[in-house]
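Student: Below is protein.txt; it holds compact mmCIF, C-alpha atoms and all ligand atoms.
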```txt
# COMPACT_ATOMS: atom_id res chain seq x y z
CA MET A 1 111.60 89.19 63.07
CA LYS A 2 111.99 91.07 66.35
CA THR A 3 108.49 92.61 66.19
CA VAL A 4 107.01 89.18 65.61
CA ARG A 5 108.63 87.79 68.70
CA ARG A 6 107.44 90.70 70.77
CA SER A 7 103.87 90.25 69.54
CA LEU A 8 103.96 86.61 70.62
CA ARG A 9 105.18 87.43 74.07
CA ARG A 10 101.85 88.68 75.39
CA PRO A 11 99.67 85.66 74.48
CA ALA A 12 102.42 83.38 75.74
CA LEU A 13 102.41 85.21 79.07
CA ALA A 14 98.62 84.97 79.28
CA LEU A 15 98.74 81.25 78.55
CA GLY A 16 101.41 80.76 81.18
CA GLY A 17 99.24 82.66 83.66
CA ILE A 18 96.20 80.49 82.97
CA ALA A 19 98.25 77.31 83.30
CA ALA A 20 99.74 78.49 86.61
CA ALA A 21 96.28 79.37 87.95
CA VAL A 22 94.94 75.94 87.04
CA VAL A 23 97.88 74.17 88.66
CA LEU A 24 97.66 76.31 91.82
CA ALA A 25 93.90 75.78 92.08
CA GLY A 26 94.56 72.06 92.02
CA CYS A 27 96.96 72.47 94.94
CA ALA A 28 94.36 74.05 97.26
CA LYS A 29 94.14 71.22 99.78
CA ASN A 30 92.01 72.80 102.45
CA ALA A 31 88.90 73.72 100.50
CA PRO A 32 85.92 73.05 102.76
CA GLN A 33 83.52 74.72 100.35
CA ASP A 34 84.56 72.74 97.31
CA THR A 35 81.59 72.09 94.98
CA PHE A 36 83.61 69.34 93.34
CA ARG A 37 83.46 67.29 96.55
CA PRO A 38 79.73 66.69 96.98
CA ALA A 39 78.70 65.21 100.34
CA GLY A 40 75.03 64.63 99.64
CA GLU A 41 72.50 63.60 97.03
CA ASN A 42 71.59 67.06 95.69
CA ALA A 43 75.16 68.27 95.51
CA ARG A 44 75.99 65.07 93.64
CA LYS A 45 73.27 65.77 91.07
CA ILE A 46 74.85 69.17 90.49
CA ASP A 47 78.32 67.66 90.31
CA ASN A 48 77.15 65.09 87.76
CA LEU A 49 76.08 68.00 85.57
CA GLN A 50 78.93 70.42 86.17
CA ARG A 51 81.75 67.94 85.60
CA PRO A 52 80.87 66.91 82.01
CA VAL A 53 80.11 70.57 81.18
CA PHE A 54 83.39 71.68 82.74
CA TYR A 55 85.44 69.02 80.95
CA THR A 56 83.72 69.66 77.60
CA ALA A 57 84.30 73.38 77.96
CA GLY A 58 87.92 72.63 78.85
CA ILE A 59 88.42 70.53 75.71
CA VAL A 60 86.81 73.23 73.54
CA LEU A 61 89.10 75.79 75.17
CA LEU A 62 92.18 73.69 74.40
CA ILE A 63 91.09 73.22 70.76
CA VAL A 64 90.52 76.98 70.37
CA ILE A 65 93.85 77.82 71.98
CA ALA A 66 95.64 75.29 69.76
CA ALA A 67 93.98 76.72 66.62
CA VAL A 68 94.87 80.28 67.60
CA VAL A 69 98.49 79.42 68.42
CA PHE A 70 98.80 77.41 65.19
CA ALA A 71 97.45 80.32 63.11
CA MET A 72 99.65 82.82 64.93
CA ILE A 73 102.81 80.88 64.21
CA LYS A 74 102.05 79.48 60.75
CA TYR A 75 100.74 82.75 59.29
CA ARG A 76 102.89 85.20 61.15
CA ASP A 77 104.14 88.23 59.28
CA ARG A 78 107.35 87.40 57.44
CA GLY A 79 106.96 90.29 55.10
CA GLN A 80 105.12 88.08 52.61
CA GLU A 81 102.48 89.29 50.12
CA MET A 82 98.99 89.92 51.38
CA PRO A 83 97.14 86.60 50.79
CA GLU A 84 94.11 86.46 48.50
CA GLN A 85 91.08 87.87 50.36
CA THR A 86 88.12 85.47 50.42
CA HIS A 87 84.65 85.82 51.82
CA GLY A 88 82.36 83.14 53.12
CA LYS A 89 82.90 79.39 53.35
CA PRO A 90 79.36 78.00 53.81
CA TRP A 91 80.26 74.44 54.81
CA LEU A 92 82.66 75.68 57.52
CA GLU A 93 80.21 78.28 58.80
CA ILE A 94 77.39 75.75 59.00
CA LEU A 95 79.65 73.22 60.73
CA LEU A 96 80.85 75.79 63.27
CA THR A 97 77.24 76.70 64.01
CA ILE A 98 75.99 73.15 64.32
CA ILE A 99 78.75 71.83 66.62
CA PRO A 100 78.23 74.45 69.38
CA ALA A 101 74.46 74.16 68.96
CA VAL A 102 74.61 70.42 69.53
CA ILE A 103 76.89 70.87 72.56
CA LEU A 104 74.54 73.52 74.01
CA LEU A 105 71.53 71.33 73.33
CA PHE A 106 73.09 68.51 75.35
CA VAL A 107 74.00 70.90 78.17
CA GLY A 108 70.49 72.40 78.04
CA VAL A 109 68.67 69.06 78.21
CA PHE A 110 70.74 67.82 81.15
CA THR A 111 70.51 71.17 82.94
CA VAL A 112 66.72 71.19 82.74
CA LYS A 113 66.62 67.55 83.89
CA THR A 114 68.85 68.42 86.87
CA VAL A 115 66.84 71.52 87.75
CA PHE A 116 63.67 69.41 87.95
CA ALA A 117 65.43 66.67 89.91
CA LEU A 118 66.69 69.25 92.41
CA ALA A 119 63.20 70.71 92.84
CA LYS A 120 61.77 67.38 93.98
CA VAL A 121 60.25 67.79 97.45
CA ASP A 122 57.41 65.26 97.66
CA ASP A 123 59.44 62.70 99.60
CA THR A 124 60.67 65.13 102.27
CA GLN A 125 61.42 63.55 105.65
CA CYS A 126 62.20 66.60 107.77
CA ILE A 127 61.44 70.33 107.62
CA VAL A 128 63.47 73.29 108.85
CA ASN A 129 62.60 76.96 108.39
CA VAL A 130 65.55 79.19 107.55
CA THR A 131 65.40 82.96 107.96
CA GLY A 132 68.12 85.25 106.67
CA GLN A 133 68.93 88.21 108.92
CA GLN A 134 71.46 91.01 108.73
CA TRP A 135 73.88 89.14 109.21
CA TRP A 136 73.12 85.71 110.52
CA TRP A 137 70.78 82.82 109.90
CA GLU A 138 67.99 81.68 112.14
CA TYR A 139 66.86 78.05 111.97
CA ASP A 140 63.59 76.94 113.44
CA TYR A 141 62.31 73.43 113.63
CA PRO A 142 58.53 73.31 113.76
CA ALA A 143 56.87 70.49 115.73
CA GLN A 144 56.51 67.68 113.21
CA ALA A 145 56.25 63.94 112.76
CA GLY A 146 59.44 63.90 110.69
CA CYS A 147 63.21 64.33 111.22
CA MET A 148 63.49 61.40 113.64
CA PRO A 149 61.49 58.51 115.03
CA GLY A 150 58.78 60.02 117.21
CA GLY A 151 59.19 63.37 115.50
CA ILE A 152 59.93 66.75 117.07
CA THR A 153 57.34 67.69 119.70
CA THR A 154 58.72 71.02 120.97
CA PRO A 155 59.72 73.62 118.36
CA ILE A 156 63.42 74.56 118.37
CA VAL A 157 64.94 77.91 117.45
CA THR A 158 68.66 78.20 116.92
CA SER A 159 71.14 80.20 114.87
CA GLY A 160 74.43 79.88 113.00
CA GLU A 161 74.50 76.11 112.63
CA LEU A 162 71.83 74.12 110.87
CA VAL A 163 71.76 70.70 112.50
CA ILE A 164 70.26 67.92 110.39
CA PRO A 165 69.99 64.14 110.63
CA ASP A 166 72.22 62.39 108.08
CA GLN A 167 70.83 60.33 105.19
CA THR A 168 67.56 62.21 105.58
CA LYS A 169 65.85 64.34 102.97
CA VAL A 170 65.59 67.68 104.72
CA LEU A 171 63.51 70.43 103.18
CA LEU A 172 64.47 73.99 104.01
CA HIS A 173 61.87 76.74 103.74
CA ILE A 174 64.04 79.77 103.16
CA THR A 175 63.00 83.38 103.61
CA SER A 176 64.49 86.65 104.85
CA ARG A 177 63.50 89.24 107.42
CA ASP A 178 65.24 92.24 105.85
CA VAL A 179 67.11 92.21 102.55
CA ILE A 180 67.84 89.49 100.02
CA HIS A 181 70.39 86.95 101.22
CA SER A 182 71.44 83.70 99.61
CA PHE A 183 71.82 80.40 101.38
CA TRP A 184 74.66 78.18 100.20
CA ILE A 185 76.32 75.09 101.64
CA PRO A 186 78.37 74.11 98.56
CA ARG A 187 79.00 70.49 99.52
CA LEU A 188 75.31 69.80 100.13
CA ASN A 189 73.42 71.73 97.46
CA GLY A 190 73.38 74.81 95.25
CA LYS A 191 72.31 78.29 96.28
CA ARG A 192 68.86 79.55 97.10
CA ASP A 193 68.04 83.22 97.54
CA ALA A 194 66.33 84.23 100.77
CA VAL A 195 63.77 86.85 99.76
CA PRO A 196 61.52 88.77 102.18
CA GLY A 197 57.91 87.67 101.83
CA ARG A 198 58.74 84.57 99.81
CA ASP A 199 59.02 80.95 100.81
CA GLN A 200 61.75 79.29 98.75
CA THR A 201 62.50 75.65 99.18
CA LEU A 202 65.82 73.86 99.08
CA ARG A 203 66.49 70.19 99.60
CA MET A 204 69.46 69.12 101.67
CA GLU A 205 70.77 65.67 102.45
CA ALA A 206 74.13 64.71 103.92
CA ASP A 207 75.61 61.23 103.42
CA GLN A 208 77.40 61.10 106.74
CA PRO A 209 78.05 63.03 109.94
CA GLY A 210 80.24 66.09 109.63
CA ILE A 211 80.26 69.86 109.43
CA TYR A 212 79.82 71.62 106.12
CA THR A 213 80.41 75.34 105.87
CA GLY A 214 79.03 77.99 103.57
CA GLN A 215 78.50 81.69 103.25
CA CYS A 216 75.85 84.17 102.21
CA THR A 217 76.24 84.72 98.49
CA GLU A 218 74.02 87.72 97.88
CA PHE A 219 75.41 91.11 98.82
CA CYS A 220 73.26 92.07 101.79
CA GLY A 221 74.94 95.11 103.35
CA LEU A 222 77.75 96.13 105.63
CA SER A 223 78.67 92.75 107.12
CA HIS A 224 77.82 90.55 104.16
CA ALA A 225 81.33 89.11 104.34
CA ARG A 226 80.70 88.16 107.97
CA MET A 227 77.55 86.21 107.27
CA ARG A 228 78.70 82.63 107.26
CA MET A 229 76.83 79.42 107.92
CA ALA A 230 77.35 75.77 108.66
CA ALA A 231 75.29 72.64 108.29
CA VAL A 232 76.01 69.96 110.87
CA SER A 233 74.97 66.45 110.04
CA LEU A 234 74.50 63.90 112.85
CA ASN A 235 73.48 60.26 112.73
CA ALA A 236 69.95 59.40 113.88
CA ASP A 237 70.93 58.67 117.50
CA ASP A 238 73.02 61.80 117.87
CA PHE A 239 70.36 63.92 116.22
CA GLY A 240 67.85 62.59 118.77
CA THR A 241 70.25 63.60 121.55
CA TRP A 242 70.67 67.04 120.01
CA VAL A 243 66.89 67.56 119.88
CA ALA A 244 66.47 66.38 123.46
CA ASN A 245 69.26 68.77 124.49
CA GLN A 246 67.69 71.74 122.78
CA THR A 247 64.29 71.16 124.33
CA LYS A 248 65.27 70.20 127.89
CA ALA A 249 64.15 72.27 130.89
CA TYR A 250 66.07 75.42 131.78
CA ALA A 251 68.89 74.92 134.26
CA PRO A 252 69.11 78.03 136.46
CA ALA A 253 72.58 79.14 137.53
CA GLU A 254 73.57 77.86 140.95
CA LYS A 255 72.97 80.42 143.72
CA ASP A 256 75.85 82.71 144.81
CA THR A 257 78.06 81.89 141.85
CA LEU A 258 79.54 84.14 139.20
CA ALA A 259 77.09 82.53 136.77
CA ALA A 260 74.16 83.52 139.01
CA GLN A 261 75.33 87.12 138.90
CA GLY A 262 75.58 86.68 135.15
CA GLU A 263 71.98 85.51 135.02
CA THR A 264 70.92 88.74 136.71
CA GLN A 265 73.08 90.73 134.31
CA PHE A 266 71.53 88.87 131.44
CA ILE A 267 68.00 89.70 132.58
CA THR A 268 68.94 93.37 132.97
CA ASN A 269 71.04 93.91 129.86
CA CYS A 270 70.31 91.24 127.31
CA SER A 271 66.91 89.64 127.72
CA ARG A 272 65.06 92.48 126.06
CA CYS A 273 66.55 91.31 122.76
CA HIS A 274 67.70 87.72 123.42
CA GLN A 275 65.48 84.87 124.45
CA VAL A 276 66.71 82.16 126.82
CA ASN A 277 63.89 79.65 127.00
CA GLY A 278 62.69 78.86 130.50
CA LEU A 279 64.39 81.84 132.17
CA THR A 280 62.16 83.33 134.89
CA THR A 281 62.27 85.97 137.62
CA THR A 282 60.78 85.59 141.07
CA ASP A 283 59.60 88.70 142.92
CA ALA A 284 59.50 89.32 146.69
CA ASN A 285 56.11 87.61 146.95
CA GLY A 286 57.40 84.49 145.21
CA VAL A 287 55.53 85.20 141.98
CA VAL A 288 57.37 83.64 139.06
CA THR A 289 57.34 85.50 135.74
CA PRO A 290 58.85 84.21 132.51
CA VAL A 291 61.49 86.49 130.99
CA LEU A 292 60.44 87.06 127.40
CA ALA A 293 62.54 88.85 124.81
CA ASN A 294 60.96 91.67 122.83
CA PRO A 295 63.40 92.19 120.01
CA ASP A 296 60.76 93.84 117.82
CA GLN A 297 60.77 96.77 120.24
CA TYR A 298 64.52 97.23 120.16
CA GLU A 299 65.67 95.94 116.80
CA VAL A 300 64.98 97.37 113.35
CA SER A 301 64.95 93.77 112.15
CA GLY A 302 62.65 92.68 114.98
CA SER A 303 64.87 89.79 115.95
CA ALA A 304 68.02 88.65 117.71
CA PRO A 305 69.53 85.15 118.03
CA ASN A 306 68.01 82.81 120.61
CA LEU A 307 70.71 82.16 123.23
CA THR A 308 69.07 79.24 125.05
CA ASP A 309 71.82 76.77 124.23
CA LEU A 310 74.59 78.99 122.93
CA MET A 311 77.34 76.58 123.98
CA THR A 312 75.90 73.72 121.94
CA ARG A 313 77.05 75.68 118.90
CA THR A 314 80.65 76.15 117.86
CA THR A 315 80.44 79.66 116.42
CA PHE A 316 78.49 82.88 116.91
CA ALA A 317 77.44 86.10 115.15
CA GLY A 318 76.75 84.67 111.73
CA ALA A 319 79.08 81.69 112.30
CA THR A 320 81.92 84.21 111.97
CA PHE A 321 83.61 83.91 115.37
CA ASP A 322 84.66 80.70 117.04
CA LEU A 323 83.40 79.53 120.39
CA LEU A 324 86.00 76.74 120.16
CA THR A 325 89.75 77.25 120.49
CA PRO A 326 91.65 76.67 117.21
CA ALA A 327 92.91 73.26 118.40
CA CYS A 328 89.43 72.04 119.40
CA ARG A 329 87.92 73.42 116.22
CA GLU A 330 90.55 71.61 114.17
CA ARG A 331 89.83 68.37 116.03
CA LEU A 332 86.08 68.69 115.41
CA TYR A 333 86.39 69.57 111.73
CA ASN A 334 88.78 66.71 111.10
CA ALA A 335 86.93 64.13 113.18
CA PRO A 336 86.10 60.93 111.28
CA PRO A 337 82.34 60.58 110.63
CA ASP A 338 81.86 57.90 113.29
CA GLN A 339 83.37 60.12 116.00
CA PHE A 340 82.10 63.48 114.83
CA GLY A 341 78.67 63.34 116.51
CA LYS A 342 79.99 62.59 120.01
CA LEU A 343 82.49 65.42 119.72
CA TYR A 344 79.92 67.91 118.43
CA LEU A 345 77.43 67.02 121.15
CA GLN A 346 80.01 67.85 123.82
CA GLY A 347 79.45 71.46 122.85
CA VAL A 348 81.86 74.04 124.17
CA THR A 349 83.65 72.55 127.15
CA PRO A 350 85.58 74.86 129.50
CA GLU A 351 88.89 73.50 128.09
CA CYS A 352 87.80 74.22 124.53
CA PHE A 353 86.19 77.59 125.21
CA ASN A 354 87.60 80.35 123.03
CA GLU A 355 86.86 82.99 125.63
CA GLY A 356 88.56 85.96 124.00
CA GLU A 357 86.23 86.29 121.03
CA LEU A 358 83.07 86.21 123.11
CA ARG A 359 84.54 88.72 125.55
CA ASP A 360 85.45 91.05 122.69
CA TRP A 361 81.91 90.70 121.41
CA LEU A 362 80.36 91.66 124.74
CA ARG A 363 82.86 94.50 125.16
CA ASN A 364 81.87 96.11 121.87
CA ALA A 365 79.99 94.03 119.33
CA PRO A 366 79.77 96.61 116.52
CA ALA A 367 83.55 97.08 116.68
CA LYS A 368 83.96 93.37 115.99
CA LYS A 369 81.31 93.17 113.29
CA PRO A 370 80.16 96.38 111.63
CA MET A 371 76.38 96.56 111.90
CA TYR A 372 75.60 100.17 111.10
CA SER A 373 77.45 103.13 109.68
CA ALA A 374 77.37 105.42 112.72
CA GLU A 375 78.21 104.40 116.30
CA ASN A 376 75.06 103.04 117.94
CA GLU A 377 72.91 104.41 115.16
CA LYS A 378 69.22 104.11 115.96
CA LEU A 379 66.25 104.16 113.62
CA ASP A 380 62.91 105.07 115.24
CA GLY A 381 64.57 104.32 118.58
CA LYS A 382 65.63 100.85 117.44
CA TYR A 383 69.08 99.39 116.94
CA ARG A 384 70.54 97.72 113.94
CA GLY A 385 72.33 94.64 115.19
CA MET A 386 73.85 94.32 118.62
CA PRO A 387 74.78 97.67 120.20
CA ASN A 388 77.80 98.48 122.32
CA LEU A 389 76.33 98.12 125.82
CA ASN A 390 79.36 99.65 127.58
CA LEU A 391 79.58 96.76 130.02
CA THR A 392 82.28 96.71 132.70
CA GLU A 393 84.87 93.90 132.74
CA ASN A 394 83.17 92.66 135.88
CA GLN A 395 79.82 92.38 134.14
CA ILE A 396 81.50 90.61 131.24
CA ASP A 397 83.08 88.05 133.62
CA GLN A 398 79.65 87.32 135.06
CA LEU A 399 77.93 87.09 131.67
CA VAL A 400 80.61 84.80 130.26
CA ALA A 401 80.30 82.49 133.29
CA TYR A 402 76.53 82.41 132.76
CA LEU A 403 76.70 81.84 129.01
CA LEU A 404 79.28 79.06 129.40
CA GLU A 405 76.61 77.06 131.23
CA ARG A 406 74.06 77.45 128.43
CA LYS A 407 74.04 73.98 126.93
CU CU B 1 73.41 87.88 103.64
```
Turn this file's structure into structure tokens for me.

Tutor:
Amino acid sequence: MKTVRRSLRRPALALGGIAAAVVLAGCAKNAPQDTFRPAGENARKIDNLQRPVFYTAGIVLLIVIAAVVFAMIKYRDRGQEMPEQTHGKPWLEILLTIIPAVILLFVGVFTVKTVFALAKVDDTQCIVNVTGQQWWWEYDYPAQAGCMPGGITTPIVTSGELVIPDQTKVLLHITSRDVIHSFWIPRLNGKRDAVPGRDQTLRMEADQPGIYTGQCTEFCGLSHARMRMAAVSLNADDFGTWVANQTKAYAPAEKDTLAAQGETQFITNCSRCHQVNGLTTTDANGVVTPVLANPDQYEVSGSAPNLTDLMTRTTFAGATFDLLTPACRERLYNAPPDQFGKLYLQGVTPECFNEGELRDWLRNAPAKKPMYSAENEKLDGKYRGMPNLNLTENQIDQLVAYLLERK
């Protein structure tokens, strides 16, 4: 009798464990990347498939567990005779083949239907190109008639946050500059791999304004875990304001300010990799020259984030670090849809500026986010990621003052 009880203890423990895990998973309140809470058409199509499959699988699991537990208890070893050994029970075997086959057939038919529905792109209303980088995402909006009334006339390049108009069928053209990444905003759609040399499409549509986070889901190197992303959905008016903001003329820093010194620092130390649209230098003869970044000369990847309007975003370096203080971030993420847009368009205000993280980044970026295995490793004279530039605290003060005005 004792041995029997001991042999039952293990399955009972396992069952208890599974039950506890299910209950605890249900308790997770703050789950911003919950695929069971779709916030757009495509995610809903996936949810409509995954729910019935999940519930069916759950019922099958319960039936199997019940059968196993029943058999374990009813036929447990009481020292009885070995029962008669039989072989084969055709009707049962056929039944147990047909039932799963029918279930799988249903799942298969609806899966294929959903896959085709998700691939639909012929009614696209807006196009954004998405490029995976080690370890951040670049978004560029080509000039186009779509996205908003009047279309986008000046191309926009941004990073970290994908801003889209709500209730609009947005088509992403996804590719990668280096290794394979995978783009995933769980509440808006499934995953799509970003593969160098390939153009993969993914449809995205958000029901209402808000911010939806995600993360790279294909192991892509050292800082894979620090390659996050966010999609920001704005109503038509706010999206128009965002576009106008991103394409407005450059506002030079006011003369003799800390920010003006920062502008000079930026031209000296940063502009070889980072573009700030509209930034120019004027020489002694009054000749104005645009400052153009040349990341392909300095970066193995050939690119670095465009910093034109850094403070219109809420995060940096692969959406990993916050430009907003925790309180302001909380307020933005929890804003009701009708107030979200106004709050997002404020960008990073001086009161909400999470200065410490950006300072740390400028002090020593690779210490904050590993980008190569050896300190300031160079390949063919080029860096991987952002190097430690050994700036002084004074230079950092100036740069931060300059960057804070970039919006
Ligand atoms: Cu990645």

Student: Distance limit 6 Å, reference ligand CU 1 (chain B), atoms considered: all atoms listed in the file. Which residues make the cut? Give them as a PyMOL selection string.

Tutor: chain A and resi 135+181+216+218+220+224+227

Student: How many Å lie between CA of Gln246 in chain A and CA of Pro387 in chain A, rounded to one decimal?

Tutor: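 CA of Pro387 in chain A lies 27.0 Å from CA of Gln246 in chain A.
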
Student: How far is it from CA of Pro336 in chain A to CA of Val128 in chain A, in Å with one decimal?

Tutor: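 Taking CA of Pro336 in chain A and CA of Val128 in chain A, their separation equals 25.9 Å.
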
Student: Which one is closest to Ile152 in chain A: A:Cys126, A:Leu171, A:Ile396, A:Ala335? Count all atoms listed in the file.

Tutor: A:Cys126

Student: Using all atoms listed in the file for the distances, tell me which of A:Val163, A:Ala253, A:Leu95, A:Ala21 is nearest to Thr241 in chain A.

Tutor: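 Closest to Thr241 in chain A, using all atoms listed in the file: A:Val163.
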